[in-house]
>>> print(open('structure34.cif').read())   # mmCIF, N, CA and C atoms
data_entry
loop_
_atom_site.label_atom_id
_atom_site.label_comp_id
_atom_site.auth_asym_id
_atom_site.auth_seq_id
_atom_site.Cartn_x
_atom_site.Cartn_y
_atom_site.Cartn_z
N MET A 1 71.13 -11.02 198.37
CA MET A 1 71.78 -9.72 198.47
C MET A 1 72.54 -9.42 197.18
N ILE A 2 72.39 -8.23 196.67
CA ILE A 2 73.05 -7.81 195.44
C ILE A 2 74.49 -7.40 195.73
N THR A 3 75.41 -7.94 194.96
CA THR A 3 76.83 -7.60 195.15
C THR A 3 77.46 -7.03 193.88
N ASP A 4 76.78 -7.13 192.75
CA ASP A 4 77.32 -6.62 191.50
C ASP A 4 77.43 -5.10 191.56
N PRO A 5 78.63 -4.54 191.34
CA PRO A 5 78.83 -3.08 191.47
C PRO A 5 77.91 -2.26 190.55
N LYS A 6 77.68 -2.73 189.34
CA LYS A 6 76.82 -2.00 188.41
C LYS A 6 75.38 -1.93 188.93
N LYS A 7 74.88 -3.04 189.43
CA LYS A 7 73.52 -3.08 189.98
C LYS A 7 73.42 -2.24 191.26
N LEU A 8 74.46 -2.26 192.08
CA LEU A 8 74.46 -1.42 193.28
C LEU A 8 74.41 0.05 192.91
N GLY A 9 75.14 0.43 191.86
CA GLY A 9 75.10 1.81 191.38
C GLY A 9 73.72 2.19 190.88
N GLU A 10 73.07 1.27 190.19
CA GLU A 10 71.71 1.53 189.70
C GLU A 10 70.74 1.70 190.87
N LEU A 11 70.90 0.90 191.91
CA LEU A 11 70.05 1.04 193.09
C LEU A 11 70.28 2.39 193.78
N ALA A 12 71.53 2.83 193.83
CA ALA A 12 71.84 4.13 194.42
C ALA A 12 71.18 5.25 193.61
N GLU A 13 71.18 5.11 192.30
CA GLU A 13 70.52 6.12 191.46
C GLU A 13 69.02 6.15 191.72
N LEU A 14 68.42 4.98 191.88
CA LEU A 14 66.99 4.93 192.22
C LEU A 14 66.73 5.58 193.58
N ALA A 15 67.61 5.31 194.52
CA ALA A 15 67.47 5.92 195.86
C ALA A 15 67.59 7.43 195.78
N PHE A 16 68.52 7.94 194.95
CA PHE A 16 68.66 9.38 194.78
C PHE A 16 67.39 9.97 194.19
N LEU A 17 66.89 9.35 193.14
CA LEU A 17 65.68 9.83 192.49
C LEU A 17 64.52 9.91 193.49
N TYR A 18 64.33 8.86 194.26
CA TYR A 18 63.25 8.83 195.24
C TYR A 18 63.42 9.94 196.29
N LYS A 19 64.62 10.05 196.83
CA LYS A 19 64.88 11.04 197.88
C LYS A 19 64.72 12.46 197.36
N ALA A 20 65.32 12.77 196.22
CA ALA A 20 65.26 14.12 195.66
C ALA A 20 63.82 14.52 195.34
N VAL A 21 63.08 13.62 194.70
CA VAL A 21 61.69 13.93 194.35
C VAL A 21 60.84 14.08 195.61
N SER A 22 61.10 13.23 196.61
CA SER A 22 60.33 13.34 197.86
C SER A 22 60.61 14.66 198.59
N LEU A 23 61.76 15.27 198.31
CA LEU A 23 62.09 16.57 198.91
C LEU A 23 61.59 17.73 198.05
N GLY A 24 60.94 17.42 196.93
CA GLY A 24 60.33 18.45 196.09
C GLY A 24 61.17 18.92 194.93
N PHE A 25 62.29 18.27 194.66
CA PHE A 25 63.13 18.66 193.53
C PHE A 25 62.62 18.01 192.25
N PRO A 26 62.40 18.78 191.18
CA PRO A 26 62.17 18.16 189.88
C PRO A 26 63.49 17.56 189.39
N VAL A 27 63.45 16.30 188.95
CA VAL A 27 64.67 15.59 188.58
C VAL A 27 64.49 14.95 187.21
N SER A 28 65.54 15.03 186.39
CA SER A 28 65.57 14.35 185.10
C SER A 28 66.77 13.42 185.08
N LYS A 29 66.56 12.23 184.53
CA LYS A 29 67.62 11.24 184.39
C LYS A 29 68.20 11.34 182.98
N THR A 30 69.51 11.30 182.89
CA THR A 30 70.14 11.31 181.57
C THR A 30 69.94 9.96 180.90
N TYR A 31 69.98 9.97 179.59
CA TYR A 31 69.88 8.73 178.83
C TYR A 31 71.26 8.10 178.72
N GLY A 32 71.36 6.81 178.99
CA GLY A 32 72.64 6.10 178.89
C GLY A 32 73.55 6.42 180.06
N ASP A 33 74.81 6.07 179.92
CA ASP A 33 75.76 6.34 181.00
C ASP A 33 77.08 6.90 180.47
N SER A 34 77.00 7.62 179.36
CA SER A 34 78.23 8.20 178.80
C SER A 34 78.46 9.64 179.24
N ASP A 35 77.46 10.28 179.86
CA ASP A 35 77.66 11.63 180.39
C ASP A 35 78.38 11.56 181.73
N ARG A 36 78.97 12.64 182.14
CA ARG A 36 79.68 12.68 183.42
C ARG A 36 78.71 12.76 184.60
N PHE A 37 77.49 13.13 184.34
CA PHE A 37 76.49 13.28 185.41
C PHE A 37 75.36 12.29 185.19
N ASP A 38 74.68 11.94 186.29
CA ASP A 38 73.58 10.98 186.24
C ASP A 38 72.22 11.66 186.16
N PHE A 39 72.10 12.83 186.82
CA PHE A 39 70.82 13.51 186.91
C PHE A 39 70.97 15.01 186.70
N ILE A 40 69.88 15.61 186.26
CA ILE A 40 69.75 17.06 186.26
C ILE A 40 68.67 17.38 187.30
N VAL A 41 69.03 18.23 188.24
CA VAL A 41 68.08 18.67 189.27
C VAL A 41 67.72 20.12 188.98
N HIS A 42 66.43 20.37 188.84
CA HIS A 42 65.95 21.73 188.58
C HIS A 42 65.72 22.41 189.92
N SER A 43 66.43 23.48 190.13
CA SER A 43 66.35 24.19 191.40
C SER A 43 66.21 25.69 191.13
N GLY A 44 64.97 26.18 191.17
CA GLY A 44 64.74 27.59 190.86
C GLY A 44 65.19 27.88 189.45
N PRO A 45 66.05 28.89 189.28
CA PRO A 45 66.50 29.22 187.93
C PRO A 45 67.67 28.34 187.44
N ARG A 46 68.15 27.45 188.31
CA ARG A 46 69.34 26.66 187.97
C ARG A 46 68.99 25.22 187.59
N PHE A 47 69.82 24.66 186.75
CA PHE A 47 69.79 23.24 186.43
C PHE A 47 71.13 22.67 186.89
N LEU A 48 71.09 21.78 187.86
CA LEU A 48 72.31 21.26 188.48
C LEU A 48 72.63 19.86 187.97
N LYS A 49 73.90 19.63 187.64
CA LYS A 49 74.36 18.32 187.19
C LYS A 49 74.86 17.55 188.42
N VAL A 50 74.28 16.36 188.63
CA VAL A 50 74.59 15.56 189.82
C VAL A 50 75.10 14.19 189.41
N GLN A 51 76.23 13.82 189.97
CA GLN A 51 76.79 12.49 189.81
C GLN A 51 76.53 11.72 191.10
N VAL A 52 75.95 10.54 190.99
CA VAL A 52 75.64 9.72 192.17
C VAL A 52 76.70 8.64 192.32
N LYS A 53 77.22 8.51 193.52
CA LYS A 53 78.16 7.45 193.88
C LYS A 53 77.64 6.79 195.15
N SER A 54 78.05 5.55 195.37
CA SER A 54 77.60 4.87 196.58
C SER A 54 78.69 3.96 197.11
N SER A 55 78.51 3.59 198.37
CA SER A 55 79.41 2.62 198.99
C SER A 55 78.62 1.82 200.01
N SER A 56 78.91 0.55 200.06
CA SER A 56 78.33 -0.30 201.10
C SER A 56 79.42 -1.11 201.78
N GLN A 57 80.65 -0.76 201.48
CA GLN A 57 81.80 -1.48 202.00
C GLN A 57 82.43 -0.70 203.16
N PHE A 58 82.28 -1.20 204.37
CA PHE A 58 82.81 -0.55 205.57
C PHE A 58 84.24 -1.05 205.79
N VAL A 59 85.22 -0.15 205.66
CA VAL A 59 86.63 -0.51 205.75
C VAL A 59 87.33 0.41 206.75
N HIS A 60 87.87 -0.15 207.80
CA HIS A 60 88.62 0.61 208.80
C HIS A 60 87.84 1.82 209.31
N GLY A 61 86.57 1.63 209.60
CA GLY A 61 85.77 2.69 210.19
C GLY A 61 85.22 3.73 209.23
N SER A 62 85.33 3.46 207.93
CA SER A 62 84.83 4.43 206.95
C SER A 62 84.34 3.73 205.69
N TYR A 63 83.68 4.51 204.85
CA TYR A 63 83.19 4.02 203.56
C TYR A 63 83.94 4.74 202.45
N PRO A 64 84.63 3.99 201.58
CA PRO A 64 85.35 4.64 200.47
C PRO A 64 84.39 5.05 199.35
N ILE A 65 84.65 6.20 198.77
CA ILE A 65 83.87 6.71 197.64
C ILE A 65 84.83 7.06 196.51
N ASN A 66 84.52 6.60 195.31
CA ASN A 66 85.30 6.99 194.14
C ASN A 66 84.71 8.27 193.56
N ALA A 67 85.56 9.20 193.22
CA ALA A 67 85.13 10.48 192.63
C ALA A 67 85.92 10.71 191.35
N LYS A 68 85.86 9.71 190.48
CA LYS A 68 86.71 9.77 189.29
C LYS A 68 86.02 9.10 188.12
N ARG A 69 86.61 9.33 186.97
CA ARG A 69 86.21 8.66 185.75
C ARG A 69 87.48 8.14 185.09
N ARG A 70 87.31 7.19 184.22
CA ARG A 70 88.47 6.59 183.54
C ARG A 70 88.51 7.08 182.10
N VAL A 71 89.68 7.56 181.68
CA VAL A 71 89.90 7.98 180.30
C VAL A 71 91.21 7.35 179.85
N LYS A 72 91.11 6.41 178.94
CA LYS A 72 92.31 5.73 178.40
C LYS A 72 93.25 5.28 179.51
N ASP A 73 92.73 4.51 180.42
CA ASP A 73 93.49 3.94 181.54
C ASP A 73 94.03 4.97 182.53
N GLN A 74 93.54 6.20 182.46
CA GLN A 74 93.91 7.21 183.45
C GLN A 74 92.68 7.50 184.31
N LEU A 75 92.92 7.73 185.60
CA LEU A 75 91.85 8.10 186.51
C LEU A 75 91.82 9.62 186.63
N ILE A 76 90.71 10.21 186.25
CA ILE A 76 90.56 11.66 186.17
C ILE A 76 89.49 12.11 187.16
N PRO A 77 89.78 13.10 188.00
CA PRO A 77 88.74 13.60 188.91
C PRO A 77 87.67 14.38 188.15
N TYR A 78 86.47 14.39 188.69
CA TYR A 78 85.41 15.22 188.12
C TYR A 78 85.79 16.68 188.28
N THR A 79 85.31 17.52 187.36
CA THR A 79 85.61 18.95 187.42
C THR A 79 84.31 19.75 187.52
N PRO A 80 84.39 21.02 187.93
CA PRO A 80 83.20 21.87 187.98
C PRO A 80 82.55 22.08 186.62
N ALA A 81 83.28 21.88 185.54
CA ALA A 81 82.67 21.99 184.21
C ALA A 81 81.80 20.77 183.90
N GLU A 82 82.03 19.65 184.62
CA GLU A 82 81.31 18.41 184.35
C GLU A 82 80.11 18.18 185.27
N ILE A 83 80.29 18.46 186.56
CA ILE A 83 79.21 18.25 187.53
C ILE A 83 79.19 19.40 188.54
N ASP A 84 78.03 19.60 189.14
CA ASP A 84 77.90 20.59 190.21
C ASP A 84 77.98 19.95 191.59
N PHE A 85 77.42 18.73 191.71
CA PHE A 85 77.40 18.03 192.99
C PHE A 85 77.72 16.56 192.78
N LEU A 86 78.38 16.00 193.79
CA LEU A 86 78.52 14.56 193.89
C LEU A 86 77.64 14.14 195.05
N ALA A 87 76.65 13.31 194.78
CA ALA A 87 75.76 12.80 195.81
C ALA A 87 76.24 11.41 196.20
N ALA A 88 76.78 11.28 197.40
CA ALA A 88 77.34 10.02 197.86
C ALA A 88 76.36 9.34 198.81
N TYR A 89 75.99 8.12 198.48
CA TYR A 89 75.03 7.36 199.28
C TYR A 89 75.74 6.23 200.01
N ILE A 90 75.59 6.21 201.33
CA ILE A 90 76.13 5.13 202.14
C ILE A 90 74.94 4.21 202.45
N ALA A 91 74.80 3.16 201.67
CA ALA A 91 73.62 2.31 201.70
C ALA A 91 73.33 1.69 203.08
N PRO A 92 74.31 1.08 203.75
CA PRO A 92 73.99 0.45 205.04
C PRO A 92 73.53 1.45 206.11
N GLU A 93 73.90 2.71 205.96
CA GLU A 93 73.53 3.74 206.93
C GLU A 93 72.33 4.56 206.45
N ASP A 94 71.91 4.36 205.21
CA ASP A 94 70.89 5.17 204.56
C ASP A 94 71.21 6.66 204.74
N ALA A 95 72.46 7.00 204.46
CA ALA A 95 72.96 8.36 204.66
C ALA A 95 73.41 8.94 203.33
N TRP A 96 73.04 10.20 203.09
CA TRP A 96 73.43 10.92 201.88
C TRP A 96 74.41 12.03 202.24
N PHE A 97 75.39 12.24 201.38
CA PHE A 97 76.30 13.36 201.49
C PHE A 97 76.19 14.11 200.17
N ILE A 98 75.72 15.35 200.21
CA ILE A 98 75.53 16.17 199.02
C ILE A 98 76.71 17.14 198.96
N ILE A 99 77.69 16.80 198.15
CA ILE A 99 78.99 17.48 198.18
C ILE A 99 79.16 18.34 196.92
N PRO A 100 79.34 19.65 197.10
CA PRO A 100 79.65 20.50 195.93
C PRO A 100 80.99 20.07 195.33
N ILE A 101 81.07 20.08 194.03
CA ILE A 101 82.28 19.60 193.37
C ILE A 101 83.52 20.38 193.81
N GLN A 102 83.37 21.67 194.09
CA GLN A 102 84.53 22.47 194.53
C GLN A 102 85.13 21.93 195.83
N ALA A 103 84.30 21.32 196.69
CA ALA A 103 84.80 20.80 197.96
C ALA A 103 85.69 19.58 197.78
N LEU A 104 85.59 18.91 196.64
CA LEU A 104 86.42 17.72 196.42
C LEU A 104 87.86 18.07 196.07
N LYS A 105 88.09 19.27 195.58
CA LYS A 105 89.45 19.75 195.29
C LYS A 105 90.28 18.74 194.50
N SER A 106 89.71 18.27 193.40
CA SER A 106 90.40 17.35 192.48
C SER A 106 90.73 15.99 193.06
N ARG A 107 90.07 15.59 194.14
CA ARG A 107 90.28 14.25 194.68
C ARG A 107 89.68 13.22 193.71
N THR A 108 90.31 12.06 193.65
CA THR A 108 89.74 10.97 192.87
C THR A 108 89.04 9.95 193.77
N SER A 109 89.26 10.06 195.08
CA SER A 109 88.56 9.22 196.05
C SER A 109 88.63 9.90 197.41
N PHE A 110 87.74 9.47 198.28
CA PHE A 110 87.72 9.98 199.65
C PHE A 110 86.96 8.99 200.52
N ARG A 111 86.93 9.26 201.82
CA ARG A 111 86.25 8.37 202.76
C ARG A 111 85.20 9.16 203.53
N LEU A 112 84.11 8.47 203.84
CA LEU A 112 83.04 9.06 204.64
C LEU A 112 82.89 8.25 205.93
N TYR A 113 82.57 8.95 207.02
CA TYR A 113 82.51 8.36 208.35
C TYR A 113 81.14 8.59 208.98
N PRO A 114 80.08 8.02 208.44
CA PRO A 114 78.74 8.35 208.95
C PRO A 114 78.45 7.82 210.35
N GLN A 115 79.25 6.91 210.87
CA GLN A 115 79.00 6.38 212.21
C GLN A 115 79.71 7.19 213.29
N GLN A 116 80.52 8.14 212.90
CA GLN A 116 81.31 8.89 213.85
C GLN A 116 80.65 10.22 214.20
N SER A 117 81.27 10.93 215.10
CA SER A 117 80.75 12.24 215.52
C SER A 117 80.95 13.27 214.41
N ALA A 118 80.35 14.42 214.58
CA ALA A 118 80.39 15.48 213.57
C ALA A 118 81.81 15.97 213.29
N GLN A 119 82.75 15.68 214.16
CA GLN A 119 84.11 16.15 213.95
C GLN A 119 84.89 15.25 212.99
N GLN A 120 84.34 14.11 212.62
CA GLN A 120 85.07 13.15 211.80
C GLN A 120 84.93 13.46 210.31
N GLY A 121 86.04 13.53 209.64
CA GLY A 121 86.03 13.63 208.19
C GLY A 121 85.76 15.02 207.65
N PRO A 122 86.38 15.35 206.54
CA PRO A 122 86.24 16.68 205.95
C PRO A 122 84.89 16.92 205.26
N PHE A 123 84.08 15.87 205.12
CA PHE A 123 82.83 16.02 204.39
C PHE A 123 81.59 15.89 205.27
N GLU A 124 81.80 15.82 206.56
CA GLU A 124 80.66 15.67 207.48
C GLU A 124 79.66 16.82 207.34
N GLN A 125 80.13 18.00 207.04
CA GLN A 125 79.23 19.15 206.89
C GLN A 125 78.24 18.98 205.74
N PHE A 126 78.50 18.03 204.85
CA PHE A 126 77.63 17.81 203.71
C PHE A 126 76.64 16.65 203.90
N ARG A 127 76.65 16.07 205.11
CA ARG A 127 75.69 15.00 205.39
C ARG A 127 74.27 15.55 205.30
N GLU A 128 73.46 14.92 204.44
CA GLU A 128 72.05 15.31 204.24
C GLU A 128 71.90 16.80 203.89
N ALA A 129 72.89 17.35 203.20
CA ALA A 129 72.89 18.79 202.85
C ALA A 129 72.13 19.05 201.56
N TRP A 130 70.93 18.52 201.46
CA TRP A 130 70.10 18.70 200.28
C TRP A 130 69.78 20.18 200.04
N TYR A 131 69.78 20.96 201.11
CA TYR A 131 69.49 22.39 201.00
C TYR A 131 70.47 23.10 200.07
N LEU A 132 71.67 22.55 199.89
CA LEU A 132 72.65 23.20 199.01
C LEU A 132 72.17 23.23 197.56
N MET A 133 71.28 22.32 197.22
CA MET A 133 70.74 22.30 195.86
C MET A 133 69.50 23.18 195.74
N GLY A 134 69.02 23.70 196.86
CA GLY A 134 67.78 24.49 196.86
C GLY A 134 67.99 25.93 196.47
#
>>> encode(input="structure34.cif", output="structure tokens")
Amino acid sequence: MITDPKKLGELAELAFLYKAVSLGFPVSKTYGDSDRFDFIVHSGPRFLKVQVKSSSQFVHGSYPINAKRRVKDQLIPYTPAEIDFLAAYIAPEDAWFIIPIQALKSRTSFRLYPQQSAQQGPFEQFREAWYLMG
């Protein structure tokens, strides 16, 4: 079982690529990892910047997701100028949350509750919301 965070992130990116392409989205991967986004998704006339995050750690009934970047020892939330969507993958549940950056409201982290009912968590409405990129 893979436990290295970097390798888990790479697997999540592969999972995103497979899922997005299987849904008919043309997808391009950025070179390197210095950009704020991992993928460009071509959707009609738009090119969407997508950052992929994942979690496989179940803590107190939820999965924590980081929505930040580090700049000189400061944790900075992603902004609408940097990404359009944060695609959060919950690996043990094989569940995707396609979250518009505006919905994060400058959060640097949040929790997802894929095992709970639809009333749980502020991001449940974005579970498998691939249509938002269409």
>>> residues_around(input="structure34.cif", residues="segment 8-22 of chain A", least_positions_apart="5", cutoff="7 Å", atoms="only C-alpha atoms", output="list of chain:residue names")
A:Ile2, A:Thr3, A:Val27, A:Val52, A:Lys53, A:Ser54, A:Tyr89
>>> residues_around(input="structure34.cif", residues="Trp130 of chain A", least_positions_apart="5", cutoff="9 Å", atoms="only C-alpha atoms", output="count of residues only")
5
>>> atom_distance(input="structure34.cif", atom1="atom CA of Ala91 of chain A", atom2="atom CA of Phe37 of chain A")
19.8 Å
>>> atom_distance(input="structure34.cif", atom1="atom C of Arg69 of chain A", atom2="atom CA of Tyr113 of chain A")
23.8 Å
>>> closest_residue(input="structure34.cif", among="A:Ile83, A:Leu112, A:Ala95, A:Ile90", to="Phe39 of chain A", atoms="only C-alpha atoms")
A:Ile83
>>> select_by_dssp(input="structure34.cif", residues="chain A", states="alpha helix (DSSP H)", output="VMD selection string")
chain A and resid 5 to 22 101 to 104
>>> write_last_selection(input="structure34.cif", atoms="N, CA and C atoms", output="mmCIF file, in the frame of the given file")
data_model
loop_
_atom_site.group_PDB
_atom_site.id
_atom_site.type_symbol
_atom_site.label_atom_id
_atom_site.label_comp_id
_atom_site.auth_asym_id
_atom_site.auth_seq_id
_atom_site.Cartn_x
_atom_site.Cartn_y
_atom_site.Cartn_z
ATOM 1 N N PRO A 5 78.630 -4.540 191.340
ATOM 2 C CA PRO A 5 78.830 -3.080 191.470
ATOM 3 C C PRO A 5 77.910 -2.260 190.550
ATOM 4 N N LYS A 6 77.680 -2.730 189.340
ATOM 5 C CA LYS A 6 76.820 -2.000 188.410
ATOM 6 C C LYS A 6 75.380 -1.930 188.930
ATOM 7 N N LYS A 7 74.880 -3.040 189.430
ATOM 8 C CA LYS A 7 73.520 -3.080 189.980
ATOM 9 C C LYS A 7 73.420 -2.240 191.260
ATOM 10 N N LEU A 8 74.460 -2.260 192.080
ATOM 11 C CA LEU A 8 74.460 -1.420 193.280
ATOM 12 C C LEU A 8 74.410 0.050 192.910
ATOM 13 N N GLY A 9 75.140 0.430 191.860
ATOM 14 C CA GLY A 9 75.100 1.810 191.380
ATOM 15 C C GLY A 9 73.720 2.190 190.880
ATOM 16 N N GLU A 10 73.070 1.270 190.190
ATOM 17 C CA GLU A 10 71.710 1.530 189.700
ATOM 18 C C GLU A 10 70.740 1.700 190.870
ATOM 19 N N LEU A 11 70.900 0.900 191.910
ATOM 20 C CA LEU A 11 70.050 1.040 193.090
ATOM 21 C C LEU A 11 70.280 2.390 193.780
ATOM 22 N N ALA A 12 71.530 2.830 193.830
ATOM 23 C CA ALA A 12 71.840 4.130 194.420
ATOM 24 C C ALA A 12 71.180 5.250 193.610
ATOM 25 N N GLU A 13 71.180 5.110 192.300
ATOM 26 C CA GLU A 13 70.520 6.120 191.460
ATOM 27 C C GLU A 13 69.020 6.150 191.720
ATOM 28 N N LEU A 14 68.420 4.980 191.880
ATOM 29 C CA LEU A 14 66.990 4.930 192.220
ATOM 30 C C LEU A 14 66.730 5.580 193.580
ATOM 31 N N ALA A 15 67.610 5.310 194.520
ATOM 32 C CA ALA A 15 67.470 5.920 195.860
ATOM 33 C C ALA A 15 67.590 7.430 195.780
ATOM 34 N N PHE A 16 68.520 7.940 194.950
ATOM 35 C CA PHE A 16 68.660 9.380 194.780
ATOM 36 C C PHE A 16 67.390 9.970 194.190
ATOM 37 N N LEU A 17 66.890 9.350 193.140
ATOM 38 C CA LEU A 17 65.680 9.830 192.490
ATOM 39 C C LEU A 17 64.520 9.910 193.490
ATOM 40 N N TYR A 18 64.330 8.860 194.260
ATOM 41 C CA TYR A 18 63.250 8.830 195.240
ATOM 42 C C TYR A 18 63.420 9.940 196.290
ATOM 43 N N LYS A 19 64.620 10.050 196.830
ATOM 44 C CA LYS A 19 64.880 11.040 197.880
ATOM 45 C C LYS A 19 64.720 12.460 197.360
ATOM 46 N N ALA A 20 65.320 12.770 196.220
ATOM 47 C CA ALA A 20 65.260 14.120 195.660
ATOM 48 C C ALA A 20 63.820 14.520 195.340
ATOM 49 N N VAL A 21 63.080 13.620 194.700
ATOM 50 C CA VAL A 21 61.690 13.930 194.350
ATOM 51 C C VAL A 21 60.840 14.080 195.610
ATOM 52 N N SER A 22 61.100 13.230 196.610
ATOM 53 C CA SER A 22 60.330 13.340 197.860
ATOM 54 C C SER A 22 60.610 14.660 198.590
ATOM 55 N N ILE A 101 81.070 20.080 194.030
ATOM 56 C CA ILE A 101 82.280 19.600 193.370
ATOM 57 C C ILE A 101 83.520 20.380 193.810
ATOM 58 N N GLN A 102 83.370 21.670 194.090
ATOM 59 C CA GLN A 102 84.530 22.470 194.530
ATOM 60 C C GLN A 102 85.130 21.930 195.830
ATOM 61 N N ALA A 103 84.300 21.320 196.690
ATOM 62 C CA ALA A 103 84.800 20.800 197.960
ATOM 63 C C ALA A 103 85.690 19.580 197.780
ATOM 64 N N LEU A 104 85.590 18.910 196.640
ATOM 65 C CA LEU A 104 86.420 17.720 196.420
ATOM 66 C C LEU A 104 87.860 18.070 196.070
#
>>> resolve_selection(input="structure34.cif", expression="the PyMOL selection byres ((chain A and resi 133) around 8)", output="list in words")
Val41, His42, Ser43, Gly44, Leu48, Ile98, Ala129, Trp130, Tyr131, Leu132 and Gly134 of chain A
>>> write_last_selection(input="structure34.cif", atoms="N, CA and C atoms", output="mmCIF file, in the coordinates of the input")
data_model
loop_
_atom_site.group_PDB
_atom_site.id
_atom_site.type_symbol
_atom_site.label_atom_id
_atom_site.label_comp_id
_atom_site.auth_asym_id
_atom_site.auth_seq_id
_atom_site.Cartn_x
_atom_site.Cartn_y
_atom_site.Cartn_z
ATOM 1 N N VAL A 41 69.030 18.230 188.240
ATOM 2 C CA VAL A 41 68.080 18.670 189.270
ATOM 3 C C VAL A 41 67.720 20.120 188.980
ATOM 4 N N HIS A 42 66.430 20.370 188.840
ATOM 5 C CA HIS A 42 65.950 21.730 188.580
ATOM 6 C C HIS A 42 65.720 22.410 189.920
ATOM 7 N N SER A 43 66.430 23.480 190.130
ATOM 8 C CA SER A 43 66.350 24.190 191.400
ATOM 9 C C SER A 43 66.210 25.690 191.130
ATOM 10 N N GLY A 44 64.970 26.180 191.170
ATOM 11 C CA GLY A 44 64.740 27.590 190.860
ATOM 12 C C GLY A 44 65.190 27.880 189.450
ATOM 13 N N LEU A 48 71.090 21.780 187.860
ATOM 14 C CA LEU A 48 72.310 21.260 188.480
ATOM 15 C C LEU A 48 72.630 19.860 187.970
ATOM 16 N N ILE A 98 75.720 15.350 200.210
ATOM 17 C CA ILE A 98 75.530 16.170 199.020
ATOM 18 C C ILE A 98 76.710 17.140 198.960
ATOM 19 N N ALA A 129 72.890 17.350 203.200
ATOM 20 C CA ALA A 129 72.890 18.790 202.850
ATOM 21 C C ALA A 129 72.130 19.050 201.560
ATOM 22 N N TRP A 130 70.930 18.520 201.460
ATOM 23 C CA TRP A 130 70.100 18.700 200.280
ATOM 24 C C TRP A 130 69.780 20.180 200.040
ATOM 25 N N TYR A 131 69.780 20.960 201.110
ATOM 26 C CA TYR A 131 69.490 22.390 201.000
ATOM 27 C C TYR A 131 70.470 23.100 200.070
ATOM 28 N N LEU A 132 71.670 22.550 199.890
ATOM 29 C CA LEU A 132 72.650 23.200 199.010
ATOM 30 C C LEU A 132 72.170 23.230 197.560
ATOM 31 N N GLY A 134 69.020 23.700 196.860
ATOM 32 C CA GLY A 134 67.780 24.490 196.860
ATOM 33 C C GLY A 134 67.990 25.930 196.470
#
>>> resolve_selection(input="structure34.cif", expression="the PyMOL selection byres ((chain A and resi 122) around 8)", output="list in words")
Ala103, Arg111, Leu112, Tyr113, Gln119, Gln120, Gly121, Phe123, Glu124, Gln125 and Phe126 of chain A
>>> closest_residue(input="structure34.cif", among="A:Met1, A:Val50, A:Tyr31, A:Gln115", to="Glu93 of chain A", atoms="only N, CA and C atoms")
A:Gln115
>>> build_atoms(input="structure34.cif", residues="segment 111-115 of chain A", atoms="all heavy atoms", output="CSV table (one decimal), in the coordinates of the input")
chain,number,residue,atom,x,y,z
A,111,ARG,N,86.9,9.3,201.8
A,111,ARG,CA,86.2,8.4,202.8
A,111,ARG,C,85.2,9.2,203.5
A,111,ARG,O,85.4,10.3,203.8
A,111,ARG,CB,87.2,7.7,203.7
A,111,ARG,CG,88.2,6.8,203.0
A,111,ARG,CD,89.1,6.1,204.0
A,111,ARG,NE,89.8,5.0,203.3
A,111,ARG,CZ,89.3,3.8,203.1
A,111,ARG,NH1,88.1,3.5,203.5
A,111,ARG,NH2,90.0,2.9,202.5
A,112,LEU,N,84.1,8.5,203.8
A,112,LEU,CA,83.0,9.1,204.6
A,112,LEU,C,82.9,8.2,205.9
A,112,LEU,O,83.1,7.0,205.9
A,112,LEU,CB,81.7,9.1,203.9
A,112,LEU,CG,81.7,10.0,202.6
A,112,LEU,CD1,80.4,9.8,201.8
A,112,LEU,CD2,81.9,11.4,203.0
A,113,TYR,N,82.6,9.0,207.0
A,113,TYR,CA,82.5,8.4,208.4
A,113,TYR,C,81.1,8.6,209.0
A,113,TYR,O,81.0,9.3,210.0
A,113,TYR,CB,83.6,9.0,209.2
A,113,TYR,CG,85.0,8.9,208.7
A,113,TYR,CD1,85.5,9.8,207.8
A,113,TYR,CD2,85.8,7.8,209.1
A,113,TYR,CE1,86.8,9.6,207.2
A,113,TYR,CE2,87.1,7.7,208.6
A,113,TYR,CZ,87.6,8.6,207.7
A,113,TYR,OH,88.8,8.5,207.2
A,114,PRO,N,80.1,8.0,208.4
A,114,PRO,CA,78.7,8.4,209.0
A,114,PRO,C,78.4,7.8,210.4
A,114,PRO,O,77.5,8.3,211.0
A,114,PRO,CB,77.8,7.7,207.9
A,114,PRO,CG,78.6,6.7,207.3
A,114,PRO,CD,80.0,7.1,207.3
A,115,GLN,N,79.2,6.9,210.9
A,115,GLN,CA,79.0,6.4,212.2
A,115,GLN,C,79.7,7.2,213.3
A,115,GLN,O,79.5,7.0,214.5
A,115,GLN,CB,79.5,4.9,212.3
A,115,GLN,CG,78.7,4.0,211.4
A,115,GLN,CD,79.1,2.6,211.6
A,115,GLN,OE1,80.1,2.3,212.2
A,115,GLN,NE2,78.3,1.6,211.1
